[in-house]
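As C-alpha cells, the structure follows; a few thoughts come after it.
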Number of protein chains: 2
Amino acid sequence: MKIIPNLSVDCVVFGFDLTKLNILLTKRELRDPETDALLFTDYTLQGHHVLENEDLDNAANRVLKEKTGLDSIFLEQFHTFGDTDRIKNPKDMLWVKNIYPTVTNQVITVGYYSLVNSAKIHPDKKHEDTMWFPAENLPELGFDHAEIIDKALSCLRIKLSREPIGFELLPEKFTLSQLQILYEAVLGRKYDRRNFRKKITQLKYIIPLDEKQTGVAHKPAQVFIFSKDVYERTKKDKLGFPI
Amino acid sequence: MKIIPNLSVDCVVFGFDLTKLNILLTKRELRDPETDALLFTDYTLQGHHVLENEDLDNAANRVLKEKTGLDSIFLEQFHTFGDTDRIKNPKDMLWVKNIYPTVTNQVITVGYYSLVNSAKIHPDKKHEDTMWFPAENLPELGFDHAEIIDKALSCLRIKLSREPIGFELLPEKFTLSQLQILYEAVLGRKYDRRNFRKKITQLKYIIPLDEKQTGVAHKPAQVFIFSKDVYERTKKDKLGFPI
DNA sequence: TCAATAAATGTATTAATTACACAATGCAAA
DNA sequence: TTTGCATTGTGTAATTAATACATTTATTGA
C-alpha cells in the first residue's frame with residue numbers, strides 16, 4: 001500500500017489510571033547513519049501517513065491498532081494542522097531528511113484523540129518505546145506535537161463538558177470517586193464531593209450495581225456502570241459541567 | 001501557483017440579514033462539451049484546492065477573498081472530510097472528469113466556516129452566480145456539501161453557545177432584538193424577550209450607546225456595540241486567584 | 001389623530017449551584 | 001481483638017440562575 005506523502009494523521013491517546021490523565025507517547029531517536037552516534041531523542045504522538053484509498057478515519061484507526069494493539073476504541077477528529085512551516089525545528093528537519101527522504105516538506109496532519117482505560121495498554125515488547133506520560137508533565141516533544149496536544153486537550157474538555165464520554169477512560173465498572181477524579185483531571189478543576197454525587201446520581205444512564213469495590217483498605221465503594229443505551233434514549237437530560 | 005491535487009478547503013459562509021441565517025452558495029452548471037446541452041445545475045460551497053506552499057488557513061482566506069471580496073473576516077476550521085467515497089454521486093463524478101480531469105479521485109477537504117454581516121456582500125457582477133440562501137431552505141447541493149453544512153452548523157452552535165462570536169454576523173451597531181433574533185436563528189430556539197435582555201445587559205462587553213435606531217415605524221431601539229477588548233479583559237479576570 | 005409596530009420594563013416561581021461536616025465501613029497493623 | 005487509617009456515604013441551607021408572564025411607550029405612516 002502506497003502512502004499519501006503530503007497527508008498524515010496523528011493520534012493523541014488519552015489514558016486514565018484512576019489517578020491522573022496520561023498521554024501515550026513514542027520515543028524517537030535519530031542516530032547518525034555513519035557513526036551511529038545518537039543525535040537526539042525525544043517523544044512523539046502516534047502518527048502515520050494516510051494510505052492511498054484509505055478513509056481518514058480508517059487511517060486513524062489503523063495507526064492506533066498498529067501502535068497500541070487497540071481496536072474500535074473511542075476516536076474523535078479534532079483539528080487539522082496545515083501550516084507550511086509545521087516542521088521547522090532543525091532536529092525535525094534532520095529527522096525527516098533521514099527517515100522519509102522522499103516525503104514532501106509540506107505535510108498536513110489531521111489530529112484525532114482517543115480515550116482508553118490505561119490499564120488496557122500493557123507495556124508490550126513490540127512497543128517498548130511507547131509509554132504513558134502524565135498530561136501535566138510531558139517530556140520533550142517532536143515536531144509541533146506540543147501544539148497538537150494542547151488543542152486536543154482543549155477540544156476534549158469542551159466535549160467532556162457536553163457529553164458523557166468520560167466512561168471511555170474508565171473500566172466498565174467504576175466508583176463515583178473514580179469518576180470524579182477523572183472529571184477533575186480532565187477539566188483541571190475540583191468538584192465538591194457531595195454536589196458531584198448529587199448530580200451524577202440523578203442521571204439515569206449511570207447505573208448502580210449490587211456490587212462493591214474489593215481489595216481496598218477502607219470502606220469499599222459501590223460500583224456503577226454507564227449505559228450508552230439508556231443515554232441515547234434519554235439524551236434530553238443533559239450533562240453539563242461548568243468548567 | 002500549482003495546486004495540491006488531493007487537498008482542498010471548503011468555506012461555509014454564514015450571513016445574517018437581521019431576519020434569518022443565510023448561507024452563501026455558488027451556482028454550478030455542467031454542459032456537454034460537444035452539444036453544450038445543460039447536463040445539470042446545482043449549488044456548491046466556496047472551495048478550492050490548497051496551493052503548494054500555502055498554509056491551510058491562508059487557503060481558506062484566499063478562497064473567501066476570491067469568491068466574496070471579503071478580507072480578514074471571522075474564519076474557523078471545524079472539520080476535515082476525508083472519506084474516499086466523498087465524490088460518489090454520478091453528477092459529481094462527471095463534473096470532476098470534465099472540469100478537473102487531472103485531479104486524483106481522492107480529495108480530502110478541510111471545512112471552514114465564516115461569519116459575515118450579509119449586507120457586506122453585495123450582489124456583484126463578477127460573482128453573479130454566488131448568492132445567499134436561507135439556511136432553513138437550501139437548494140440542491142453538489143458533492144457532500146449538505147453534510148459539510150450540517151457539520152458546520154452544529155459546530156457553530158456549540159461555539160456560539162460558549163463564546164461571543166455572534167457579533168461577527170451583525171453590523172457594528174445593533175439592537176438587542178437583532179441580537180436575540182440572531183441567537184434564535186442560529187441556535188434554532190426561541191428566547192423570552194425580557195429574560196434575554198436581562199442576561200445580555202449584565203455582560204460588560206455589550207455596551208449601550210447614547211444613540212437610537214432611526215427610520216423605523218415604531219419606537220426606536222437603543223443601539224449597542226460589542227467590545228472585544230472588554231471581553232478579552234474580563235475573560236482573563238475570571239482566571240484570577242482568590243487570596 | 002389614529003393605527004400599527006416593536007421597544008422597554010419588573011416580579012414571582014422554580015430549578016440549579018454552591019458551601020459545608022460527620023458518622024459508617026472495612027482493612028491493616030499493633 | 002482492638003485501634004487507627006483511609007475513604008465512603010449522606011442532607012440542608014443559602015445563593016444564584018432560569019423561567020414565565022403583560023402593560024406602557026415612542027415612532028412612523030395612513
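Ordering of the C-alpha cells sets the chain letters (A, B, ...), residue numbers begin anew at 1 in every chain, and ligands are numbered from 1 in the order given.
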
Per-residue nearest contacts chain B to chain A, cut-off 8 Å, using only C-alpha atoms, as a Markdown table:
| residue | atom | partner | partner_atom | distance |
| --- | --- | --- | --- | --- |
| B:Asn53 | CA | A:Thr84 | CA | 6.0 |
| B:Glu54 | CA | A:Thr84 | CA | 6.3 |
| B:Asp55 | CA | A:Asp83 | CA | 4.4 |
| B:Leu56 | CA | A:Gly82 | CA | 4.9 |
| B:Asp57 | CA | A:Gly82 | CA | 7.5 |
| B:Gln77 | CA | A:His79 | CA | 7.6 |
| B:Phe78 | CA | A:His79 | CA | 7.2 |
| B:His79 | CA | A:His79 | CA | 6.7 |
| B:Thr80 | CA | A:Thr80 | CA | 6.9 |
| B:Phe81 | CA | A:Leu56 | CA | 7.7 |
| B:Gly82 | CA | A:Leu56 | CA | 4.9 |
| B:Asp83 | CA | A:Asp55 | CA | 4.4 |
| B:Thr84 | CA | A:Asp55 | CA | 5.2 |
| B:Gln106 | CA | A:Asn53 | CA | 7.0 |
| B:Val110 | CA | A:Thr80 | CA | 7.6 |

Report task. Using DSSP on the backbone coordinates, identify all residues within range 5-232 of chain B classified as alpha helix (DSSP H); present the result as an MDAnalysis selection string. Result -> chainID B and resid 56:68 90:99 145:160 176:187 193:201 228:232

For the contact check between chain B and chain D, emit one row per residue of chain B within 7 Å, containing the shortest atom pair and the distance in Å rounded to one decimal, counting only C-alpha atoms (C1' of nucleotides), chain then rising number order, as JSON lines.
{"residue": "B:Val216", "atom": "CA", "partner": "D:DT28", "partner_atom": "C1'", "distance": 6.8}
{"residue": "B:Ala217", "atom": "CA", "partner": "D:DT28", "partner_atom": "C1'", "distance": 3.9}
{"residue": "B:His218", "atom": "CA", "partner": "D:DT27", "partner_atom": "C1'", "distance": 4.4}
{"residue": "B:Lys219", "atom": "CA", "partner": "D:DA26", "partner_atom": "C1'", "distance": 4.1}
{"residue": "B:Pro220", "atom": "CA", "partner": "D:DT27", "partner_atom": "C1'", "distance": 6.6}

Go ahead and save the picked residues with N, CA and C atoms, as a CSV table (one decimal), in the first residue's frame.
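Written out: selection-v9.csv:
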chain,number,residue,atom,x,y,z
B,216,VAL,N,-37.4,53.7,11.6
B,216,VAL,CA,-38.3,52.6,11.8
B,216,VAL,C,-39.6,53.1,12.3
B,217,ALA,N,-40.7,52.4,11.8
B,217,ALA,CA,-42.0,52.8,12.1
B,217,ALA,C,-42.5,52.3,13.4
B,218,HIS,N,-41.7,52.5,14.4
B,218,HIS,CA,-42.1,52.1,15.8
B,218,HIS,C,-41.1,52.7,16.7
B,219,LYS,N,-41.3,52.5,18.0
B,219,LYS,CA,-40.4,53.0,19.0
B,219,LYS,C,-39.0,52.6,18.7
B,220,PRO,N,-38.1,53.5,18.5
B,220,PRO,CA,-36.7,53.2,18.1
B,220,PRO,C,-36.0,52.5,19.3

Requested in this report: Show which residues sit within 7 Å of range 14-18 of chain B, as a list in words. Count only C-alpha atoms (C1' of nucleotides), and ignore same-chain residues fewer than 3 positions away.
Outcome: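 My reading of the contact set: Leu21, Asn22, Ile23, Leu24, Ser114, Leu115, Val116, Asn117, Ser118, Ala119, Leu169, Leu170 and Gln178 of chain B.
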
Next, write the just-selected residues to a file, as an mmCIF file, in the first residue's frame, keeping C-alpha atoms as the atom set.
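This is the output file again01.cif:
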data_model
loop_
_atom_site.group_PDB
_atom_site.id
_atom_site.type_symbol
_atom_site.label_atom_id
_atom_site.label_comp_id
_atom_site.auth_asym_id
_atom_site.auth_seq_id
_atom_site.Cartn_x
_atom_site.Cartn_y
_atom_site.Cartn_z
ATOM 1 C CA LEU B 21 -29.396 32.868 8.940
ATOM 2 C CA ASN B 22 -28.184 32.509 5.363
ATOM 3 C CA ILE B 23 -25.520 30.519 3.597
ATOM 4 C CA LEU B 24 -23.590 31.704 0.575
ATOM 5 C CA SER B 114 -17.015 32.141 8.342
ATOM 6 C CA LEU B 115 -19.400 34.678 9.741
ATOM 7 C CA VAL B 116 -20.307 37.881 7.940
ATOM 8 C CA ASN B 117 -22.931 40.528 8.064
ATOM 9 C CA SER B 118 -24.808 39.677 4.858
ATOM 10 C CA ALA B 119 -25.119 43.313 3.933
ATOM 11 C CA LEU B 169 -22.775 38.414 11.926
ATOM 12 C CA LEU B 170 -24.153 41.811 12.925
ATOM 13 C CA GLN B 178 -31.474 41.954 16.435
#

Report task. Assign secondary structure with DSSP using the backbone only, and return the residues of range 31-86 of chain B in strand (DSSP E or B) as number ranges by chain. Result -> B: 31, 38-44, 46-51, 74-81

Saved selection, atoms kept: N, CA, C and O atoms, as a PDB file, in the first residue's frame:
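Generated output (result.pdb):
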ATOM      1  N   ARG B  31     -22.252  21.545 -18.662  1.00  0.00           N
ATOM      2  CA  ARG B  31     -22.786  21.417 -20.030  1.00  0.00           C
ATOM      3  C   ARG B  31     -21.984  20.373 -20.785  1.00  0.00           C
ATOM      4  O   ARG B  31     -20.789  20.211 -20.552  1.00  0.00           O
ATOM      5  N   LEU B  38     -27.281  21.502 -21.348  1.00  0.00           N
ATOM      6  CA  LEU B  38     -27.149  21.613 -19.889  1.00  0.00           C
ATOM      7  C   LEU B  38     -27.354  20.237 -19.275  1.00  0.00           C
ATOM      8  O   LEU B  38     -28.434  19.642 -19.392  1.00  0.00           O
ATOM      9  N   LEU B  39     -26.313  19.719 -18.633  1.00  0.00           N
ATOM     10  CA  LEU B  39     -26.433  18.377 -18.059  1.00  0.00           C
ATOM     11  C   LEU B  39     -27.067  18.419 -16.672  1.00  0.00           C
ATOM     12  O   LEU B  39     -27.909  17.615 -16.337  1.00  0.00           O
ATOM     13  N   PHE B  40     -26.602  19.353 -15.871  1.00  0.00           N
ATOM     14  CA  PHE B  40     -27.286  19.560 -14.588  1.00  0.00           C
ATOM     15  C   PHE B  40     -26.872  20.903 -14.033  1.00  0.00           C
ATOM     16  O   PHE B  40     -25.901  21.527 -14.485  1.00  0.00           O
ATOM     17  N   THR B  41     -27.595  21.333 -13.025  1.00  0.00           N
ATOM     18  CA  THR B  41     -27.227  22.553 -12.318  1.00  0.00           C
ATOM     19  C   THR B  41     -27.560  22.360 -10.839  1.00  0.00           C
ATOM     20  O   THR B  41     -28.546  21.727 -10.484  1.00  0.00           O
ATOM     21  N   ASP B  42     -26.684  22.858 -10.002  1.00  0.00           N
ATOM     22  CA  ASP B  42     -26.927  22.801  -8.556  1.00  0.00           C
ATOM     23  C   ASP B  42     -26.051  23.855  -7.885  1.00  0.00           C
ATOM     24  O   ASP B  42     -25.529  24.741  -8.564  1.00  0.00           O
ATOM     25  N   TYR B  43     -25.918  23.779  -6.585  1.00  0.00           N
ATOM     26  CA  TYR B  43     -25.145  24.789  -5.853  1.00  0.00           C
ATOM     27  C   TYR B  43     -24.068  24.146  -5.002  1.00  0.00           C
ATOM     28  O   TYR B  43     -24.251  23.017  -4.523  1.00  0.00           O
ATOM     29  N   THR B  44     -22.985  24.875  -4.831  1.00  0.00           N
ATOM     30  CA  THR B  44     -21.883  24.357  -4.020  1.00  0.00           C
ATOM     31  C   THR B  44     -21.352  25.453  -3.095  1.00  0.00           C
ATOM     32  O   THR B  44     -21.599  26.646  -3.297  1.00  0.00           O
ATOM     33  N   GLN B  46     -18.157  27.591  -1.390  1.00  0.00           N
ATOM     34  CA  GLN B  46     -16.960  28.198  -1.987  1.00  0.00           C
ATOM     35  C   GLN B  46     -15.769  27.343  -1.575  1.00  0.00           C
ATOM     36  O   GLN B  46     -15.456  27.235  -0.382  1.00  0.00           O
ATOM     37  N   GLY B  47     -15.122  26.760  -2.556  1.00  0.00           N
ATOM     38  CA  GLY B  47     -13.980  25.911  -2.228  1.00  0.00           C
ATOM     39  C   GLY B  47     -12.929  25.994  -3.302  1.00  0.00           C
ATOM     40  O   GLY B  47     -13.187  26.475  -4.405  1.00  0.00           O
ATOM     41  N   HIS B  48     -11.763  25.536  -2.942  1.00  0.00           N
ATOM     42  CA  HIS B  48     -10.694  25.482  -3.931  1.00  0.00           C
ATOM     43  C   HIS B  48      -9.590  24.595  -3.379  1.00  0.00           C
ATOM     44  O   HIS B  48      -9.481  24.422  -2.166  1.00  0.00           O
ATOM     45  N   HIS B  49      -8.768  24.102  -4.271  1.00  0.00           N
ATOM     46  CA  HIS B  49      -7.616  23.343  -3.820  1.00  0.00           C
ATOM     47  C   HIS B  49      -6.640  24.261  -3.088  1.00  0.00           C
ATOM     48  O   HIS B  49      -6.570  25.465  -3.356  1.00  0.00           O
ATOM     49  N   VAL B  50      -5.927  23.670  -2.166  1.00  0.00           N
ATOM     50  CA  VAL B  50      -4.848  24.389  -1.500  1.00  0.00           C
ATOM     51  C   VAL B  50      -3.684  24.475  -2.487  1.00  0.00           C
ATOM     52  O   VAL B  50      -3.505  23.569  -3.311  1.00  0.00           O
ATOM     53  N   LEU B  51      -2.955  25.567  -2.414  1.00  0.00           N
ATOM     54  CA  LEU B  51      -1.818  25.729  -3.316  1.00  0.00           C
ATOM     55  C   LEU B  51      -0.548  25.197  -2.665  1.00  0.00           C
ATOM     56  O   LEU B  51      -0.437  25.171  -1.431  1.00  0.00           O
ATOM     57  N   PHE B  74     -14.109  36.666  10.112  1.00  0.00           N
ATOM     58  CA  PHE B  74     -14.074  35.558  11.057  1.00  0.00           C
ATOM     59  C   PHE B  74     -14.087  34.231  10.318  1.00  0.00           C
ATOM     60  O   PHE B  74     -14.980  33.967   9.523  1.00  0.00           O
ATOM     61  N   LEU B  75     -13.126  33.400  10.617  1.00  0.00           N
ATOM     62  CA  LEU B  75     -12.971  32.148   9.896  1.00  0.00           C
ATOM     63  C   LEU B  75     -12.523  31.091  10.883  1.00  0.00           C
ATOM     64  O   LEU B  75     -11.561  31.300  11.620  1.00  0.00           O
ATOM     65  N   GLU B  76     -13.227  29.978  10.900  1.00  0.00           N
ATOM     66  CA  GLU B  76     -12.914  28.949  11.883  1.00  0.00           C
ATOM     67  C   GLU B  76     -12.933  27.572  11.231  1.00  0.00           C
ATOM     68  O   GLU B  76     -13.917  27.202  10.602  1.00  0.00           O
ATOM     69  N   GLN B  77     -11.838  26.856  11.399  1.00  0.00           N
ATOM     70  CA  GLN B  77     -11.801  25.495  10.876  1.00  0.00           C
ATOM     71  C   GLN B  77     -12.667  24.596  11.742  1.00  0.00           C
ATOM     72  O   GLN B  77     -12.620  24.713  12.969  1.00  0.00           O
ATOM     73  N   PHE B  78     -13.485  23.741  11.151  1.00  0.00           N
ATOM     74  CA  PHE B  78     -14.361  22.922  12.001  1.00  0.00           C
ATOM     75  C   PHE B  78     -14.243  21.422  11.797  1.00  0.00           C
ATOM     76  O   PHE B  78     -14.474  20.668  12.729  1.00  0.00           O
ATOM     77  N   HIS B  79     -13.888  20.954  10.597  1.00  0.00           N
ATOM     78  CA  HIS B  79     -13.798  19.505  10.410  1.00  0.00           C
ATOM     79  C   HIS B  79     -13.129  19.219   9.083  1.00  0.00           C
ATOM     80  O   HIS B  79     -13.233  20.016   8.154  1.00  0.00           O
ATOM     81  N   THR B  80     -12.488  18.066   9.006  1.00  0.00           N
ATOM     82  CA  THR B  80     -11.880  17.638   7.750  1.00  0.00           C
ATOM     83  C   THR B  80     -12.590  16.397   7.253  1.00  0.00           C
ATOM     84  O   THR B  80     -12.816  15.462   8.034  1.00  0.00           O
ATOM     85  N   PHE B  81     -12.936  16.434   5.992  1.00  0.00           N
ATOM     86  CA  PHE B  81     -13.729  15.369   5.395  1.00  0.00           C
ATOM     87  C   PHE B  81     -12.818  14.534   4.506  1.00  0.00           C
ATOM     88  O   PHE B  81     -12.289  15.054   3.524  1.00  0.00           O
TER      89      PHE B  81
END
